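**Student:** Handing you this structure, nothing more for now.
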Amino acid sequence: MAPSKPLSRRMQKQGPPAPLDESRIGNKRKLSAPTNGAIKKQKKISALPVNRNKQNGGTKYTANSAGKTSTKGSFKPQQKPVKPAKPVKAMMADVEDVTGLSDVSDDAEGEAGVDLDGLSGGKIDVLGLDDDEMDSDADDFANALSASEDEDVLDSDPEMQAQKGVWSEDDDDSDGEELLTAANIAGLSQRLDKQQAQEDAEAEAELADDALQTNIAPADLDMDDDDEEGKTSKLAPDLQLLRTRITETVRVLSNFKELRDQTRSRAEYTQAVLKDICAYYSYSPFLAEKLFSLFPPQEALAFFDANETPRPMVIRTNTLRTHRRDLAHTLINRGVSLEPVGKWSKVGLQVYESQVPLGATPEYLAGHYILQAASSFLPVMALAPQEHERCLDMAAAPGGKTTHMAALMKNTGCIFANDASKDRAKGLIGNIHRLGVKNTIVCNYNAQEFPRVMGGFDRVLLDAPCSGTGVIAKDPSVKTNKTQDDFLRLPHLQKQLLLSAIDSVDHASKTGGYIVYSTCSVTVEENEQVVQYALNKRPNVKLVSTGLIFGKEGFTKYMSKRFHPSMKETRRYYPHAFNVDGFFVAKFKKTAVTPADAVKAQGTPAEQARVNGVAADVENDVVDGDVHAAVEDEDDEGGVKLGAFGGWDDEEDAVYIERSLKKQLRRKGIDPKASKSKAVRALDPKKVTGDVNGKKQENGDESETIV
Ligand SMILES: C[S@@+](CC[C@H](N)C(=O)[O-])C[C@H]1O[C@@H](n2cnc3c(N)ncnc32)[C@H](O)[C@@H]1O
């Protein structure tokens, strides 16, 4: 059997990797007798005129040019524009009849709700693809094997494999070998030449393809940075050589004791591989190092690789207007190949191929769906807003998450959707109208002004402005345009916003009292460090489970930093691990009121200067040393001592400020004792001011909707 080509990431399923199916390994499946269910399922499938391509354990649906689902063919773009042969309604009735879809529950509640219980075991409803069917897919596979793939089963047995090899070789010999006579020897050699030429051409094409992926022209050139005169070489790097060297260095780093050259240190190897990574993937040395340090070397390489390929296109069904199953039918009829995004979402559809621009279909214009990255579902699922609640989305534009919240709340209660950018708020308003959201009020504040603008919310979402290191595949400019300044400035803003979010929630809410903090960045500065800062400053909150069924735990340790053990409750998402954008999600429960003086201090000029200028260092001091001292400052009943809150003490602040000023100066190579005025100039707070008053709004998540 020819080895199947690995699927591109666009075609791979998003979410948790499919569990290993033991029945497909070894002789087990050969021995297992077909179950009744499997037989029944086989029958059902033969009656189902739907093209089912098994990819990564999933099932895909395609449509033929007549708009009918097809039983043959793979995911190939259709050549002709798609016109439904019959009115869509009639067509859908046809499909329903054949598939028995009308039997499947059409419960709007199930569609709209983020029913976390249902995530693991609930019915998936697109095209009648319920759990039973999903499961029996595996059975089908096993049954089919028992009939036609016995050979494969035999292959897993070394003895039989050897035996088979002998037979097939004999067959080949008898069939293919020709008698070498003088007459045909020239012909044979010509054939071999032709074959060789074809192989060479294929190899060249593959090389060119590799080069395209990294946007660097292939070149058979020297890797040295400097030419003879010491000037920087203008020659393009030899990508193949780089790739081989990166792989080899990573291999050594992964088993350093055994494989290292005794004369070279780990730091030398790391520096060498970082230099190659910068050249191969076009990162700035600063960002390459920051991202490399997040993972073991092998995993870091997988992360960099995953950033070179786009994530699959996903649409979120707007359950205020339609059901996922109906939307799927309609889009299939338009020539779209899609499948449910995974069992973890009841509203997502992963698109494999489309004959029509998905941002301009009648269904899009009618607000039946929104183009939204799968990872953007996660913060809203974690927030789980309930009907009739009062919620705040602090940084809401262009509204992917606000409109998801409104759908979960079934247009009841009230959402305040805020964004500091007036321009972006226009897009938010557009989406709210298109998707039929009626429970939302749009506002345009710097979110640091909450809760002075308004407070007492049941739930608050802070999908914070961030550096976008999780969405490099979408925006490769991140590779080179982020500097150290960004990783000071953004965390400062994020910390302030998170405190505002916490202070805006009603701890006594009967149904809620939750805050979700998310970013589309993978750096520790923008995630765990921000969360730790909030835990330190607001002991009236604690981290709780996000309720999300996949994702990696947040770090409790990172380099010299130590975070609170509850940081395990936060979730990290990576492109290489889950085929989704890089994301971070933390969920807090507020347990007591924030004292008025702490809230008042937020937003005062002294606080603004303190947070904008030096807070990162203040916080780092706390994080580096005393783990979450403030949270330990609880009274006997588990309540919080008011003194533990992060208001200010001017004297204490002065010490922190001085210490962090010195630290920053030393980092910049300036002697703190040398010149005070120079020091002050070097640390002009304007340089590290958050973006709210400045020109540029950070937005890693910008392209998540196509409007
Ligand atoms: C990651 S995007 C939000 C994406 C949005 N949640 C969605 O799902 O469509 C971050 C947003 O924060 C806004 N922003 C930046 N600074 C802000 C501030 N101080 N207050 C409120 N919004 C801010 C930006 O304008 C940007 O729209």
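Letters for chains follow the order of the structure tokens (A, B, ...), residue numbers begin at 1 for each chain, and ligand numbers begin at 1 in the order shown.
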If we count only C-alpha atoms, what is near Ala374 in chain A at a cut-off of 10 Å, once residues fewer than 6 positions away on the same chain are taken out, given as a list in words?

**Tutor:** Gln14, Gly15, Arg311, Pro312, Met313, Val314, Ile315, Arg316, Val341, Gly342, Ser345, Gly348, Leu349, Gln350, Asn579, Val580, Asp581 and Glu704 of chain A

**Student:** List the spatial neighbours of Lys401 in chain A as an NGL selection string - criterion: any atom at most 12 Å away, only C-alpha atoms, same-chain residues fewer than 3 positions off excluded.

**Tutor:** :A and (316 or 318 or 370-385 or 392-398 or 404-408 or 415 or 417-418 or 428 or 431-432 or 437 or 460-464 or 516 or 518 or 701 or 704-705)

**Student:** Check range 432-639 of chain A with DSSP on the backbone and list each residue it calls alpha helix (DSSP H), as a PyMOL selection string.

**Tutor:** chain A and resi 432-434+478-481+486-503+528-537+575-578+596-601+605-624

**Student:** Enumerate the residues of range 503-564 of chain A with a DSSP assignment of strand (DSSP E or B), computed from the backbone, and present them as a list in words.

**Tutor:** Val505, Tyr514, Ile515, Val516, Tyr517, Ser518, Thr519, Val541, Lys542, Leu543, Val544, Lys552, Glu553, Lys557, Tyr558, Lys561 and Arg562 of chain A

**Student:** Given the selection you just returned, output its residues as a file containing C-alpha atoms, formatted as an mmCIF file, in the first residue's frame.

**Tutor:**
data_model
loop_
_atom_site.group_PDB
_atom_site.id
_atom_site.type_symbol
_atom_site.label_atom_id
_atom_site.label_comp_id
_atom_site.auth_asym_id
_atom_site.auth_seq_id
_atom_site.Cartn_x
_atom_site.Cartn_y
_atom_site.Cartn_z
ATOM 1 C CA VAL A 505 -17.374 42.531 38.871
ATOM 2 C CA TYR A 514 -16.282 35.682 37.091
ATOM 3 C CA ILE A 515 -13.563 37.374 35.081
ATOM 4 C CA VAL A 516 -11.867 35.850 32.040
ATOM 5 C CA TYR A 517 -8.520 37.200 30.888
ATOM 6 C CA SER A 518 -7.264 36.144 27.460
ATOM 7 C CA THR A 519 -4.601 37.077 24.920
ATOM 8 C CA VAL A 541 -9.912 36.789 43.428
ATOM 9 C CA LYS A 542 -8.738 33.257 42.854
ATOM 10 C CA LEU A 543 -8.055 31.264 39.728
ATOM 11 C CA VAL A 544 -10.649 28.639 38.882
ATOM 12 C CA LYS A 552 -1.889 22.954 28.218
ATOM 13 C CA GLU A 553 -1.564 24.098 31.803
ATOM 14 C CA LYS A 557 7.727 28.042 36.802
ATOM 15 C CA TYR A 558 9.454 29.836 34.002
ATOM 16 C CA LYS A 561 10.233 32.986 38.006
ATOM 17 C CA ARG A 562 7.840 31.098 40.228
#

**Student:** Mind pulling up the distance from CA of Ile246 in chain A to CA of Leu274 in chain A?

**Tutor:**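 Separating CA of Leu274 in chain A from CA of Ile246 in chain A is a distance of 8.6 Å.
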
**Student:** Rounded to one decimal place, report the CA of Pro595 in chain A-CA of Asn527 in chain A distance in Å.

**Tutor:**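 Spanning CA of Pro595 in chain A to CA of Asn527 in chain A is a straight-line distance of 25.1 Å.
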
**Student:** Which of these, A:Glu339, A:Glu363, A:Glu449, A:Asp485, has the shortest distance to ligand 1 once you count only C-alpha atoms and all ligand atoms?

**Tutor:**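 With only C-alpha atoms and all ligand atoms as the atom set, the closest residue is A:Glu449.
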
**Student:** Quick one: everything within 9 Å of Ala288 in chain A, counting only C-alpha atoms, minus sequence neighbours fewer than 6 positions away in the same chain. Send it as a PyMOL selection string.

**Tutor:** chain A and resi 274-275+277-278+304+479
